[in-house]
Amino acid sequence: MKMRRWVAAIGGLLAVALGCGWVSFVSPTAARGGAKAAQETAQETAQETAAGRASEESQRADGELNAAAAEAEQEAGAADQAAEQEGAAKPKPNVAVEAEPRPDREPFRAIEAAELDQARRTLRERLRSFTQRLASDPEAVRDGWKRFVQTDLIESALGAAAYDKATDDKIRLRLFSDKAGMEFTPVLALRRAYEEFSELQRALSAENSAELVGRLQDEARTRLELFESGQGPYEASEVGSRVARLRRLKQAPKLVESLDSRYNRENLFVRASQRLVAVGVEQDVDEPSAVTDSILGVSVFGNARLKGRVSLGLVPSEDRGRFELLLNGQALSSSTGYRGKVTLYSTSATSVMARKLLELNELGLRGEGSVAACSTDNSLNDIDARCCLVERIAWKRAQQSQGEAEALASASAERRIEARFDERAAGLLANANGSYQDKVRKPLLRRDGFPRSLRFQTTAEHLLGRSLQQTGGHLAAATDPPAAPDGGDLALRLHESYVRNLAESLIGNYRLTDEELVRLYEVNELEVPEELKVTDTSPHWAFRFAALNPVDIRFRDGKLYLTVTCRDFAQGDKVDRPTVLRALRFSATYKFEVTNGLAEFVREEEFPNTEYVPVPGRDRESAQEIGVKRLMRRKFNAMLKKRIPADFKLRGRWAAGGKLVAKDCQPASEWLTMVWDMAPIRSAAATPPAAEVPPAAAAPPAAAVPPAAAAPSAAAAPSAAKPAE
């Protein structure tokens, strides 16, 4: 029985609640979030480097920052040059939606020089805190960090009288990169301070600050109207990016407050049954172990075997997930005790019950101390001594000390079980939390994509999770979720904005090649479609997901409307140089169907709709654009499959649960409601007769109890089984 399986099981729940399937498919090391355009090529060139491994959760964070920072700095230097060369070819930013000012513009609030001075002081302080935090690191690590973050350029911007776009692009190239270690708290604080300073400096350096702010308002309001009317389904991110700038400039308070108050509802709700949570945790126990102990002066040696059952229950809690792992069983042992020249032969039966509580929140898992209760019943089978008199005396004394010996044996068993639980829990909880931090929380923090809120609670029957995926200028849900569905082992209520916002953080600006896509299919144990396979004769290709709203999904009238937006297409031998910069949208409509017991999302179109994003003044497509459009239409036809199963197999420790079968799907009014039932592929193992399994109560304690701990002194405490002759 491996405790790491229990803890990994709960860690898996964290992954589901965060939607980190996105993280794993994009790849933990290569996925990039929405940084500036200048950062894009640099990151693909330096995608395997690391800026450091620092983390505020660890007292040894400084030690984790190693020479990788210096290596990252060297590789990123080459990336800087590549980014500059490609920068001239990048598409122009979006122009204002309307040339004429809107009548509902809010008055411009004059930006005072004192505001910029305050932002400059704050940025200096954050920069100082960052460098001081590195003071205890080796010189090579410290200097590598400074070069990678480019503290000299930040100092240059601080001393500049006006905003310089070239300097700003270079700073953002590194400061907002997605390298391991950039989730370091001082780095995040430095980012936020730089954003505030840069925005103010940029506004004060503009020829007409009032007109700049006015255009931001006009564009935000016009795009918001298009979005809310349904005429501009892809405008939410455009609105959010402009409102984020207005918020930093402290402008248009009515517009900002109206969006903050309206589009701020939680957009993901998950409910898992106790049965589903437990299937990856509960198991039978049958383990042998050696027994070594000393009781009442008797040195005991022998063998024991623990048989029992580990069960999982949920403990009701309003503000976190609480679980209880219970071990019920019996340890049978056969042992030999020695005291002087007297040898005692005994057997014992120890009933074992152990309990450990775990708590789950957005930071991970935390365990409480283990509690065990044991009761030992010893049987002394024989005593061997040099003479009959000594043997009679030994039998008599064993008879008199039977109760005390059994009590001591029980207490010893409890201490060993508790110590073993806690010992295993410490390391394995650390591993589970480390996996959660490294694969979920830190990557999302680096991409400014960690949920604004992530909450768990438990009832006696369910684990509940709810999340608000909204960072930066994202718009979340404007409506409350539909009523929770009845029944099911897994129930999901998902708002359109959750997918849009998470995808923007995870794959915005992410560059994907044909070879990388194949690798991702293989890593996730998915079959590579024939059209996507890479062969010696197949032409290579690559593209980049759009920075804003790369994936858009709408739930309307029983259908799922999916759109993926990409740009910077390349094909042939030189896929590092895009030949078509214009953005393409691939759209497909799916409907939930159940045929012969098989639940699927079925695409209505024979091929996904493929259209270039309109560009003002351009009505025709070039020959090169037409060729790229045809090629990528075939590729996305394979990626956006004609039929996508709604059922899925449980993996890892949950494989015993078989698969989750979709029994209901309701896409309507911006929300998707789905319910799955668990269809096990095999029945659960019967509980061994040695111990009755109690009702489930709550979270996995993290340690398998070795049988030795369960009955440490069974042989040591002889009970008077036969009278002296």
# chains A, B, ... in the order shown; residues from 1 in each chain; ligands from 1

call {"tool": "residues_around", "arguments": {"residues": "range 238-241 of chain A", "least_positions_apart": "5", "cutoff": "12 Å", "atoms": "only C-alpha atoms", "output": "ChimeraX atom specification"}}
result
/A:34,93-97,216-228,232-233,246-248,255-256,259-260,263,470-476,497,500-501,504,546-550

call {"tool": "closest_residue", "arguments": {"among": "A:Ala113, A:Leu357, A:Leu276, A:Val390", "to": "Gly321 in chain A", "atoms": "only C-alpha atoms"}}
result
A:Leu357

call {"tool": "closest_residue", "arguments": {"among": "A:Gly508, A:Gly449, A:Gly597, A:Gly181", "to": "Lys663 in chain A", "atoms": "only C-alpha atoms"}}
result
A:Gly597

call {"tool": "atom_distance", "arguments": {"atom1": "CA of Leu584 in chain A", "atom2": "CA of Leu631 in chain A"}}
result
11.9 Å

call {"tool": "closest_residue", "arguments": {"among": "A:Thr595, A:Thr458, A:Ser261, A:Ser370", "to": "Arg424 in chain A", "atoms": "only C-alpha atoms"}}
result
A:Ser370

call {"tool": "atom_distance", "arguments": {"atom1": "CA of Ile626 in chain A", "atom2": "CA of Asp568 in chain A"}}
result
14.1 Å

call {"tool": "residues_around", "arguments": {"residues": "range 207-211 of chain A", "least_positions_apart": "6", "cutoff": "12 Å", "atoms": "only C-alpha atoms", "output": "list in words"}}
result
Ala96, Ala99, Glu100, Pro101, Arg102, Arg105, Glu106, Pro107, Phe108, Arg109, Ala110, Ile111, Glu112, Ala162, Tyr163, Glu199, Leu200, Gln201, Gln217, Asp218, Leu246, Leu249, Gln251 and Ala252 of chain A

call {"tool": "closest_residue", "arguments": {"among": "A:Leu134, A:Ala180, A:Leu650, A:Ala203", "to": "Arg447 in chain A", "atoms": "only C-alpha atoms"}}
result
A:Ala180

call {"tool": "residues_around", "arguments": {"residues": "Glu530 in chain A", "least_positions_apart": "2", "cutoff": "12 Å", "atoms": "only C-alpha atoms", "output": "list in words"}}
result
Val518, Glu527, Val528, Leu532, Lys533, Val534, Thr535, Ser538, Arg634, Lys635, Asn637, Ala638, Met639 and Lys641 of chain A

call {"tool": "closest_residue", "arguments": {"among": "A:Ser136, A:Thr459, A:Asn524, A:Thr673", "to": "Val270 in chain A", "atoms": "only C-alpha atoms"}}
result
A:Thr673

call {"tool": "select_by_dssp", "arguments": {"residues": "range 238-428 of chain A", "states": "strand (DSSP E)", "output": "compact mmCIF listing (two decimals) with N, CA, C and O atoms, in the first residue's frame"}}
result
# COMPACT_ATOMS: atom_id res chain seq x y z
N LEU A 268 -16.68 28.82 -12.77
CA LEU A 268 -16.51 27.37 -12.80
C LEU A 268 -17.00 26.77 -11.49
O LEU A 268 -16.62 27.23 -10.41
N PHE A 269 -17.83 25.74 -11.60
CA PHE A 269 -18.34 25.03 -10.44
C PHE A 269 -18.21 23.53 -10.72
O PHE A 269 -18.69 23.04 -11.75
N VAL A 270 -17.55 22.82 -9.82
CA VAL A 270 -17.33 21.38 -9.99
C VAL A 270 -17.83 20.67 -8.74
O VAL A 270 -17.63 21.14 -7.61
N ARG A 271 -18.48 19.52 -8.95
CA ARG A 271 -18.94 18.69 -7.82
C ARG A 271 -18.55 17.25 -8.09
O ARG A 271 -18.87 16.70 -9.14
N ALA A 272 -17.84 16.65 -7.15
CA ALA A 272 -17.42 15.25 -7.26
C ALA A 272 -18.01 14.47 -6.10
O ALA A 272 -17.96 14.91 -4.95
N SER A 273 -18.55 13.31 -6.40
CA SER A 273 -19.15 12.48 -5.36
C SER A 273 -18.07 11.84 -4.50
O SER A 273 -16.92 11.68 -4.92
N GLN A 283 -8.51 1.08 -0.77
CA GLN A 283 -7.86 -0.15 -1.19
C GLN A 283 -7.74 -1.11 -0.02
O GLN A 283 -7.83 -0.70 1.15
N ASP A 284 -7.56 -2.36 -0.34
CA ASP A 284 -7.31 -3.37 0.67
C ASP A 284 -5.84 -3.35 1.07
O ASP A 284 -4.97 -2.99 0.29
N VAL A 285 -5.60 -3.77 2.29
CA VAL A 285 -4.24 -3.83 2.83
C VAL A 285 -3.92 -5.26 3.20
O VAL A 285 -4.72 -5.92 3.87
N ASP A 286 -2.78 -5.74 2.77
CA ASP A 286 -2.30 -7.07 3.14
C ASP A 286 -0.78 -7.00 3.10
O ASP A 286 -0.17 -7.21 2.06
N GLU A 287 -0.18 -6.72 4.26
CA GLU A 287 1.25 -6.47 4.29
C GLU A 287 1.94 -7.21 5.43
O GLU A 287 1.49 -7.14 6.58
N PRO A 288 3.03 -7.89 5.13
CA PRO A 288 3.82 -8.52 6.19
C PRO A 288 4.87 -7.54 6.71
O PRO A 288 5.24 -6.58 6.03
N SER A 289 5.37 -7.82 7.92
CA SER A 289 6.45 -7.00 8.45
C SER A 289 7.12 -7.75 9.59
O SER A 289 6.59 -8.72 10.14
N ALA A 290 8.29 -7.27 9.93
CA ALA A 290 9.02 -7.84 11.06
C ALA A 290 8.63 -7.11 12.35
O ALA A 290 8.28 -5.94 12.32
N VAL A 291 8.67 -7.85 13.48
CA VAL A 291 8.30 -7.28 14.77
C VAL A 291 9.52 -7.31 15.68
O VAL A 291 10.16 -8.35 15.85
N THR A 292 9.84 -6.15 16.23
CA THR A 292 10.91 -6.03 17.22
C THR A 292 10.45 -5.08 18.29
O THR A 292 10.09 -3.93 17.99
N ASP A 293 10.44 -5.54 19.57
CA ASP A 293 9.95 -4.68 20.63
C ASP A 293 10.46 -5.17 21.97
O ASP A 293 11.11 -6.23 22.06
N SER A 294 10.14 -4.43 22.98
CA SER A 294 10.49 -4.82 24.35
C SER A 294 9.36 -4.43 25.26
O SER A 294 8.98 -3.25 25.32
N ILE A 295 8.80 -5.42 25.96
CA ILE A 295 7.68 -5.16 26.85
C ILE A 295 7.91 -5.89 28.16
O ILE A 295 8.15 -7.11 28.17
N VAL A 298 10.87 -8.05 28.38
CA VAL A 298 10.96 -9.16 27.44
C VAL A 298 11.29 -8.62 26.06
O VAL A 298 10.55 -7.78 25.52
N SER A 299 12.38 -9.06 25.45
CA SER A 299 12.75 -8.67 24.09
C SER A 299 12.02 -9.58 23.12
O SER A 299 12.14 -10.81 23.20
N VAL A 300 11.26 -8.96 22.22
CA VAL A 300 10.36 -9.71 21.35
C VAL A 300 10.81 -9.59 19.89
O VAL A 300 11.11 -8.50 19.41
N PHE A 301 10.82 -10.70 19.17
CA PHE A 301 11.16 -10.74 17.75
C PHE A 301 10.16 -11.68 17.06
O PHE A 301 9.79 -12.71 17.61
N GLY A 302 9.73 -11.27 15.88
CA GLY A 302 8.80 -12.13 15.16
C GLY A 302 8.34 -11.53 13.86
O GLY A 302 8.97 -10.60 13.32
N ASN A 303 7.25 -12.04 13.35
CA ASN A 303 6.67 -11.57 12.10
C ASN A 303 5.19 -11.29 12.30
O ASN A 303 4.51 -11.96 13.10
N ALA A 304 4.70 -10.29 11.57
CA ALA A 304 3.29 -9.91 11.67
C ALA A 304 2.73 -9.69 10.27
O ALA A 304 3.49 -9.46 9.32
N ARG A 305 1.44 -9.77 10.18
CA ARG A 305 0.77 -9.50 8.90
C ARG A 305 -0.48 -8.68 9.17
O ARG A 305 -1.33 -9.09 9.97
N LEU A 306 -0.55 -7.54 8.52
CA LEU A 306 -1.70 -6.65 8.68
C LEU A 306 -2.65 -6.84 7.51
O LEU A 306 -2.25 -6.73 6.35
N LYS A 307 -3.90 -7.10 7.81
CA LYS A 307 -4.95 -7.16 6.79
C LYS A 307 -6.04 -6.20 7.18
O LYS A 307 -6.45 -6.15 8.34
N GLY A 308 -6.49 -5.42 6.20
CA GLY A 308 -7.52 -4.44 6.50
C GLY A 308 -7.95 -3.69 5.26
O GLY A 308 -7.75 -4.15 4.13
N ARG A 309 -8.48 -2.53 5.47
CA ARG A 309 -9.04 -1.72 4.39
C ARG A 309 -8.81 -0.24 4.68
O ARG A 309 -9.03 0.21 5.79
N VAL A 310 -8.35 0.47 3.66
CA VAL A 310 -8.24 1.93 3.74
C VAL A 310 -9.48 2.52 3.08
O VAL A 310 -9.83 2.17 1.95
N SER A 311 -10.15 3.37 3.79
CA SER A 311 -11.35 4.01 3.25
C SER A 311 -11.22 5.52 3.35
O SER A 311 -10.48 6.05 4.19
N LEU A 312 -11.92 6.19 2.48
CA LEU A 312 -11.87 7.65 2.43
C LEU A 312 -13.25 8.23 2.66
O LEU A 312 -14.24 7.74 2.12
N GLY A 313 -13.31 9.27 3.46
CA GLY A 313 -14.57 9.96 3.70
C GLY A 313 -14.39 11.45 3.59
O GLY A 313 -13.27 11.97 3.53
N LEU A 314 -15.47 12.16 3.51
CA LEU A 314 -15.47 13.62 3.42
C LEU A 314 -16.01 14.19 4.72
O LEU A 314 -17.04 13.74 5.22
N GLY A 321 -11.67 22.04 1.55
CA GLY A 321 -11.94 20.61 1.42
C GLY A 321 -11.32 19.88 2.60
O GLY A 321 -10.15 20.09 2.91
N ARG A 322 -12.09 19.01 3.23
CA ARG A 322 -11.56 18.24 4.36
C ARG A 322 -11.83 16.76 4.10
O ARG A 322 -12.94 16.37 3.75
N PHE A 323 -10.77 15.99 4.26
CA PHE A 323 -10.86 14.56 3.99
C PHE A 323 -10.37 13.79 5.21
O PHE A 323 -9.52 14.27 5.96
N GLU A 324 -10.88 12.59 5.35
CA GLU A 324 -10.45 11.73 6.44
C GLU A 324 -10.12 10.36 5.86
O GLU A 324 -10.96 9.72 5.21
N LEU A 325 -8.90 9.94 6.10
CA LEU A 325 -8.50 8.61 5.68
C LEU A 325 -8.52 7.69 6.89
O LEU A 325 -7.94 7.99 7.93
N LEU A 326 -9.22 6.59 6.76
CA LEU A 326 -9.35 5.62 7.85
C LEU A 326 -8.73 4.29 7.45
O LEU A 326 -8.94 3.81 6.33
N LEU A 327 -7.97 3.74 8.36
CA LEU A 327 -7.45 2.39 8.20
C LEU A 327 -8.07 1.51 9.27
O LEU A 327 -7.91 1.77 10.47
N ASN A 328 -8.79 0.49 8.87
CA ASN A 328 -9.36 -0.48 9.79
C ASN A 328 -8.82 -1.85 9.42
O ASN A 328 -8.84 -2.26 8.26
N GLY A 329 -8.32 -2.57 10.40
CA GLY A 329 -7.79 -3.88 10.09
C GLY A 329 -7.35 -4.64 11.32
O GLY A 329 -7.63 -4.25 12.46
N GLN A 330 -6.66 -5.72 11.10
CA GLN A 330 -6.17 -6.57 12.19
C GLN A 330 -4.79 -7.07 11.82
O GLN A 330 -4.55 -7.47 10.68
N ALA A 331 -3.89 -7.03 12.80
CA ALA A 331 -2.54 -7.54 12.61
C ALA A 331 -2.38 -8.82 13.41
O ALA A 331 -2.60 -8.83 14.63
N LEU A 332 -2.02 -9.89 12.75
CA LEU A 332 -1.75 -11.17 13.40
C LEU A 332 -0.24 -11.40 13.40
O LEU A 332 0.42 -11.22 12.38
N SER A 333 0.29 -11.80 14.55
CA SER A 333 1.73 -11.99 14.64
C SER A 333 2.07 -13.26 15.39
O SER A 333 1.30 -13.76 16.21
N SER A 334 3.23 -13.75 15.08
CA SER A 334 3.80 -14.90 15.78
C SER A 334 5.22 -14.50 16.16
O SER A 334 6.01 -14.11 15.29
N SER A 335 5.54 -14.59 17.46
CA SER A 335 6.82 -14.05 17.89
C SER A 335 7.42 -14.86 19.04
O SER A 335 6.76 -15.67 19.68
N THR A 336 8.68 -14.57 19.25
CA THR A 336 9.44 -15.21 20.32
C THR A 336 10.03 -14.14 21.21
O THR A 336 10.61 -13.16 20.72
N GLY A 337 9.84 -14.31 22.55
CA GLY A 337 10.37 -13.35 23.50
C GLY A 337 11.47 -13.96 24.34
O GLY A 337 11.44 -15.15 24.68
N TYR A 338 12.44 -13.12 24.71
CA TYR A 338 13.58 -13.59 25.50
C TYR A 338 13.75 -12.69 26.73
O TYR A 338 13.77 -11.47 26.62
N ARG A 339 13.87 -13.39 27.90
CA ARG A 339 14.21 -12.68 29.11
C ARG A 339 15.15 -13.58 29.92
O ARG A 339 14.70 -14.60 30.47
N VAL A 342 14.97 -17.50 29.78
CA VAL A 342 13.60 -17.95 29.54
C VAL A 342 13.18 -17.50 28.14
O VAL A 342 13.36 -16.34 27.76
N THR A 343 12.59 -18.42 27.38
CA THR A 343 12.09 -18.12 26.04
C THR A 343 10.58 -18.31 26.01
O THR A 343 10.07 -19.33 26.48
N LEU A 344 9.87 -17.30 25.49
CA LEU A 344 8.41 -17.35 25.43
C LEU A 344 7.97 -17.37 23.98
O LEU A 344 8.46 -16.59 23.15
N TYR A 345 7.02 -18.23 23.66
CA TYR A 345 6.48 -18.34 22.31
C TYR A 345 5.02 -17.91 22.35
O TYR A 345 4.22 -18.46 23.15
N SER A 346 4.66 -16.95 21.52
CA SER A 346 3.29 -16.41 21.61
C SER A 346 2.78 -16.00 20.24
O SER A 346 3.53 -15.84 19.28
N THR A 347 1.48 -15.86 20.20
CA THR A 347 0.81 -15.26 19.04
C THR A 347 -0.09 -14.16 19.57
O THR A 347 -0.48 -14.16 20.75
N SER A 348 -0.42 -13.21 18.70
CA SER A 348 -1.28 -12.10 19.13
C SER A 348 -2.12 -11.62 17.97
O SER A 348 -1.78 -11.80 16.80
N ALA A 349 -3.21 -10.98 18.33
CA ALA A 349 -4.09 -10.34 17.35
C ALA A 349 -4.31 -8.90 17.82
O ALA A 349 -4.74 -8.67 18.95
N THR A 350 -3.97 -7.95 16.95
CA THR A 350 -4.11 -6.53 17.29
C THR A 350 -5.09 -5.88 16.33
O THR A 350 -4.88 -5.88 15.11
N SER A 351 -6.18 -5.39 16.87
CA SER A 351 -7.12 -4.64 16.03
C SER A 351 -6.56 -3.23 15.84
O SER A 351 -6.04 -2.62 16.77
N VAL A 352 -6.63 -2.73 14.63
CA VAL A 352 -6.00 -1.46 14.27
C VAL A 352 -7.04 -0.51 13.68
O VAL A 352 -7.82 -0.89 12.80
N MET A 353 -7.04 0.70 14.17
CA MET A 353 -7.83 1.77 13.55
C MET A 353 -6.99 3.04 13.60
O MET A 353 -6.55 3.46 14.67
N ALA A 354 -6.76 3.64 12.43
CA ALA A 354 -5.96 4.87 12.36
C ALA A 354 -6.71 5.90 11.54
O ALA A 354 -7.48 5.56 10.63
N ARG A 355 -6.45 7.17 11.85
CA ARG A 355 -7.20 8.26 11.21
C ARG A 355 -6.24 9.43 10.98
O ARG A 355 -5.45 9.78 11.84
N LYS A 356 -6.36 10.03 9.80
CA LYS A 356 -5.59 11.23 9.51
C LYS A 356 -6.43 12.18 8.67
O LYS A 356 -7.06 11.78 7.71
N LEU A 357 -6.40 13.45 9.03
CA LEU A 357 -7.16 14.47 8.33
C LEU A 357 -6.25 15.27 7.40
O LEU A 357 -5.11 15.58 7.74
N LEU A 358 -6.79 15.62 6.23
CA LEU A 358 -6.11 16.52 5.31
C LEU A 358 -7.06 17.65 4.94
O LEU A 358 -8.28 17.47 4.89
N GLU A 359 -6.47 18.80 4.67
CA GLU A 359 -7.25 19.96 4.25
C GLU A 359 -6.74 20.43 2.89
O GLU A 359 -5.54 20.40 2.62
N LEU A 360 -7.66 20.86 2.06
CA LEU A 360 -7.35 21.28 0.70
C LEU A 360 -7.80 22.71 0.48
O LEU A 360 -8.96 23.05 0.73
N ASN A 361 -6.89 23.58 0.02
CA ASN A 361 -7.24 24.93 -0.38
C ASN A 361 -6.40 25.31 -1.59
O ASN A 361 -5.72 24.46 -2.17
N GLY A 364 -2.77 24.20 -1.70
CA GLY A 364 -2.43 22.79 -1.75
C GLY A 364 -3.01 22.01 -0.59
O GLY A 364 -4.05 22.38 -0.02
N LEU A 365 -2.34 20.95 -0.20
CA LEU A 365 -2.79 20.04 0.85
C LEU A 365 -2.00 20.27 2.13
O LEU A 365 -0.80 20.52 2.10
N ARG A 366 -2.71 20.16 3.25
CA ARG A 366 -2.06 20.25 4.55
C ARG A 366 -2.61 19.15 5.44
O ARG A 366 -3.81 18.91 5.49
N GLY A 367 -1.72 18.43 6.11
CA GLY A 367 -2.15 17.31 6.95
C GLY A 367 -2.08 17.63 8.43
O GLY A 367 -1.22 18.39 8.88
N VAL A 371 -3.92 9.95 14.32
CA VAL A 371 -4.44 9.41 15.58
C VAL A 371 -4.75 7.93 15.35
O VAL A 371 -5.41 7.57 14.37
N ALA A 372 -4.25 7.09 16.23
CA ALA A 372 -4.47 5.64 16.09
C ALA A 372 -5.03 5.07 17.38
O ALA A 372 -4.77 5.58 18.48
N ALA A 373 -5.80 4.01 17.25
CA ALA A 373 -6.33 3.27 18.41
C ALA A 373 -6.15 1.79 18.13
O ALA A 373 -6.61 1.28 17.09
N CYS A 374 -5.48 1.10 19.05
CA CYS A 374 -5.20 -0.33 18.86
C CYS A 374 -5.58 -1.10 20.13
O CYS A 374 -5.53 -0.57 21.23
N SER A 375 -5.91 -2.33 19.93
CA SER A 375 -6.22 -3.23 21.05
C SER A 375 -5.60 -4.59 20.75
O SER A 375 -5.89 -5.20 19.72
N THR A 376 -4.72 -5.06 21.67
CA THR A 376 -3.97 -6.29 21.46
C THR A 376 -4.45 -7.41 22.38
O THR A 376 -4.67 -7.19 23.57
N ASP A 377 -4.62 -8.58 21.80
CA ASP A 377 -4.99 -9.78 22.55
C ASP A 377 -3.89 -10.81 22.33
O ASP A 377 -3.71 -11.33 21.24
N ASN A 378 -3.12 -11.09 23.40
CA ASN A 378 -1.98 -11.99 23.30
C ASN A 378 -2.32 -13.39 23.80
O ASN A 378 -3.11 -13.55 24.74
N SER A 379 -1.71 -14.35 23.19
CA SER A 379 -1.82 -15.74 23.65
C SER A 379 -0.42 -16.31 23.79
O SER A 379 0.33 -16.39 22.80
N LEU A 380 -0.07 -16.69 25.02
CA LEU A 380 1.23 -17.29 25.28
C LEU A 380 1.10 -18.79 25.04
O LEU A 380 0.37 -19.48 25.74
N ASN A 381 1.81 -19.30 24.07
CA ASN A 381 1.65 -20.69 23.67
C ASN A 381 2.60 -21.64 24.41
O ASN A 381 2.26 -22.79 24.67
N ASP A 382 3.77 -21.13 24.73
CA ASP A 382 4.74 -22.01 25.38
C ASP A 382 5.84 -21.18 26.01
O ASP A 382 6.11 -20.05 25.59
N ILE A 383 6.46 -21.78 27.08
CA ILE A 383 7.61 -21.17 27.74
C ILE A 383 8.68 -22.24 27.87
O ILE A 383 8.41 -23.38 28.27
N ASP A 384 9.87 -21.86 27.54
CA ASP A 384 11.00 -22.80 27.58
C ASP A 384 12.04 -22.25 28.57
O ASP A 384 12.51 -21.12 28.42

call {"tool": "residues_around", "arguments": {"residues": "Trp541 in chain A", "least_positions_apart": "2", "cutoff": "12 Å", "atoms": "only C-alpha atoms", "output": "VMD selection string"}}
result
chain A and resid 511 to 517 532 to 534 538 to 539 543 to 544 568 to 580 628 631 to 632 635

call {"tool": "write_last_selection", "arguments": {"atoms": "N, CA and C atoms", "output": "tab-separated table (two decimals), in the first residue's frame"}}
result
chain	number	residue	atom	x	y	z
A	511	ARG	N	3.60	29.62	-29.62
A	511	ARG	CA	3.94	29.19	-30.98
A	511	ARG	C	3.97	27.67	-31.04
A	512	LEU	N	3.23	27.11	-31.98
A	512	LEU	CA	3.10	25.66	-32.11
A	512	LEU	C	3.63	25.22	-33.46
A	513	THR	N	4.47	24.19	-33.43
A	513	THR	CA	4.98	23.59	-34.67
A	513	THR	C	4.37	22.21	-34.86
A	514	ASP	N	4.52	21.66	-36.05
A	514	ASP	CA	3.97	20.34	-36.33
A	514	ASP	C	4.62	19.29	-35.43
A	515	GLU	N	5.92	19.39	-35.22
A	515	GLU	CA	6.61	18.40	-34.39
A	515	GLU	C	6.22	18.53	-32.92
A	516	GLU	N	6.05	19.76	-32.46
A	516	GLU	CA	5.64	19.97	-31.07
A	516	GLU	C	4.24	19.43	-30.84
A	517	LEU	N	3.35	19.60	-31.80
A	517	LEU	CA	1.98	19.10	-31.66
A	517	LEU	C	1.98	17.58	-31.54
A	532	LEU	N	-1.94	14.88	-39.11
A	532	LEU	CA	-0.99	15.64	-38.28
A	532	LEU	C	0.34	14.93	-38.10
A	533	LYS	N	0.46	13.71	-38.59
A	533	LYS	CA	1.71	12.98	-38.43
A	533	LYS	C	2.84	13.64	-39.23
A	534	VAL	N	4.02	13.62	-38.66
A	534	VAL	CA	5.20	14.22	-39.31
A	534	VAL	C	6.01	13.11	-39.97
A	538	SER	N	6.32	15.02	-45.50
A	538	SER	CA	5.28	15.99	-45.17
A	538	SER	C	5.90	17.38	-44.97
A	539	PRO	N	5.24	18.44	-45.47
A	539	PRO	CA	5.78	19.79	-45.30
A	539	PRO	C	5.63	20.24	-43.84
A	543	PHE	N	2.55	27.91	-36.41
A	543	PHE	CA	1.73	29.12	-36.26
A	543	PHE	C	1.80	29.57	-34.80
A	544	ARG	N	1.23	30.72	-34.55
A	544	ARG	CA	1.17	31.26	-33.20
A	544	ARG	C	-0.28	31.55	-32.84
A	568	ASP	N	0.66	34.41	-37.74
A	568	ASP	CA	2.09	34.17	-37.98
A	568	ASP	C	2.33	32.74	-38.49
A	569	PHE	N	1.78	32.44	-39.65
A	569	PHE	CA	1.87	31.10	-40.21
A	569	PHE	C	3.16	30.94	-41.02
A	570	ALA	N	3.75	29.77	-40.89
A	570	ALA	CA	4.96	29.46	-41.65
A	570	ALA	C	4.84	28.03	-42.15
A	571	GLN	N	5.45	27.76	-43.28
A	571	GLN	CA	5.45	26.40	-43.82
A	571	GLN	C	6.70	26.19	-44.64
A	572	GLY	N	7.06	24.92	-44.79
A	572	GLY	CA	8.27	24.60	-45.53
A	572	GLY	C	9.45	24.38	-44.60
A	573	ASP	N	10.65	24.56	-45.14
A	573	ASP	CA	11.86	24.28	-44.38
A	573	ASP	C	12.18	25.34	-43.34
A	574	LYS	N	11.74	26.57	-43.55
A	574	LYS	CA	12.08	27.66	-42.65
A	574	LYS	C	10.84	28.08	-41.85
A	575	VAL	N	10.45	27.22	-40.93
A	575	VAL	CA	9.24	27.51	-40.16
A	575	VAL	C	9.50	28.55	-39.07
A	576	ASP	N	10.76	28.94	-38.89
A	576	ASP	CA	11.05	29.96	-37.88
A	576	ASP	C	10.71	31.35	-38.38
A	577	ARG	N	10.42	31.49	-39.66
A	577	ARG	CA	10.08	32.79	-40.24
A	577	ARG	C	8.66	32.75	-40.81
A	578	PRO	N	7.71	33.40	-40.17
A	578	PRO	CA	6.34	33.38	-40.69
A	578	PRO	C	6.24	34.10	-42.02
A	579	THR	N	5.45	33.54	-42.91
A	579	THR	CA	5.24	34.14	-44.23
A	579	THR	C	3.89	34.82	-44.34
A	580	VAL	N	2.94	34.42	-43.49
A	580	VAL	CA	1.62	35.05	-43.45
A	580	VAL	C	1.36	35.48	-42.02
A	628	VAL	N	-1.87	29.04	-47.43
A	628	VAL	CA	-1.82	28.79	-45.99
A	628	VAL	C	-3.21	28.43	-45.47
A	631	LEU	N	-3.95	24.79	-46.34
A	631	LEU	CA	-3.15	23.86	-45.54
A	631	LEU	C	-3.68	23.77	-44.11
A	632	MET	N	-3.88	24.93	-43.47
A	632	MET	CA	-4.27	24.94	-42.07
A	632	MET	C	-5.72	24.47	-41.90
A	635	LYS	N	-5.32	20.85	-41.37
A	635	LYS	CA	-4.73	20.55	-40.06
A	635	LYS	C	-5.77	20.73	-38.96

call {"tool": "residues_around", "arguments": {"residues": "Gly558 in chain A", "least_positions_apart": "2", "cutoff": "6 Å", "atoms": "only C-alpha atoms", "output": "ChimeraX atom specification"}}
result
/A:556,666-668

call {"tool": "atom_distance", "arguments": {"atom1": "CA of Val615 in chain A", "atom2": "CA of Leu581 in chain A"}}
result
11.7 Å
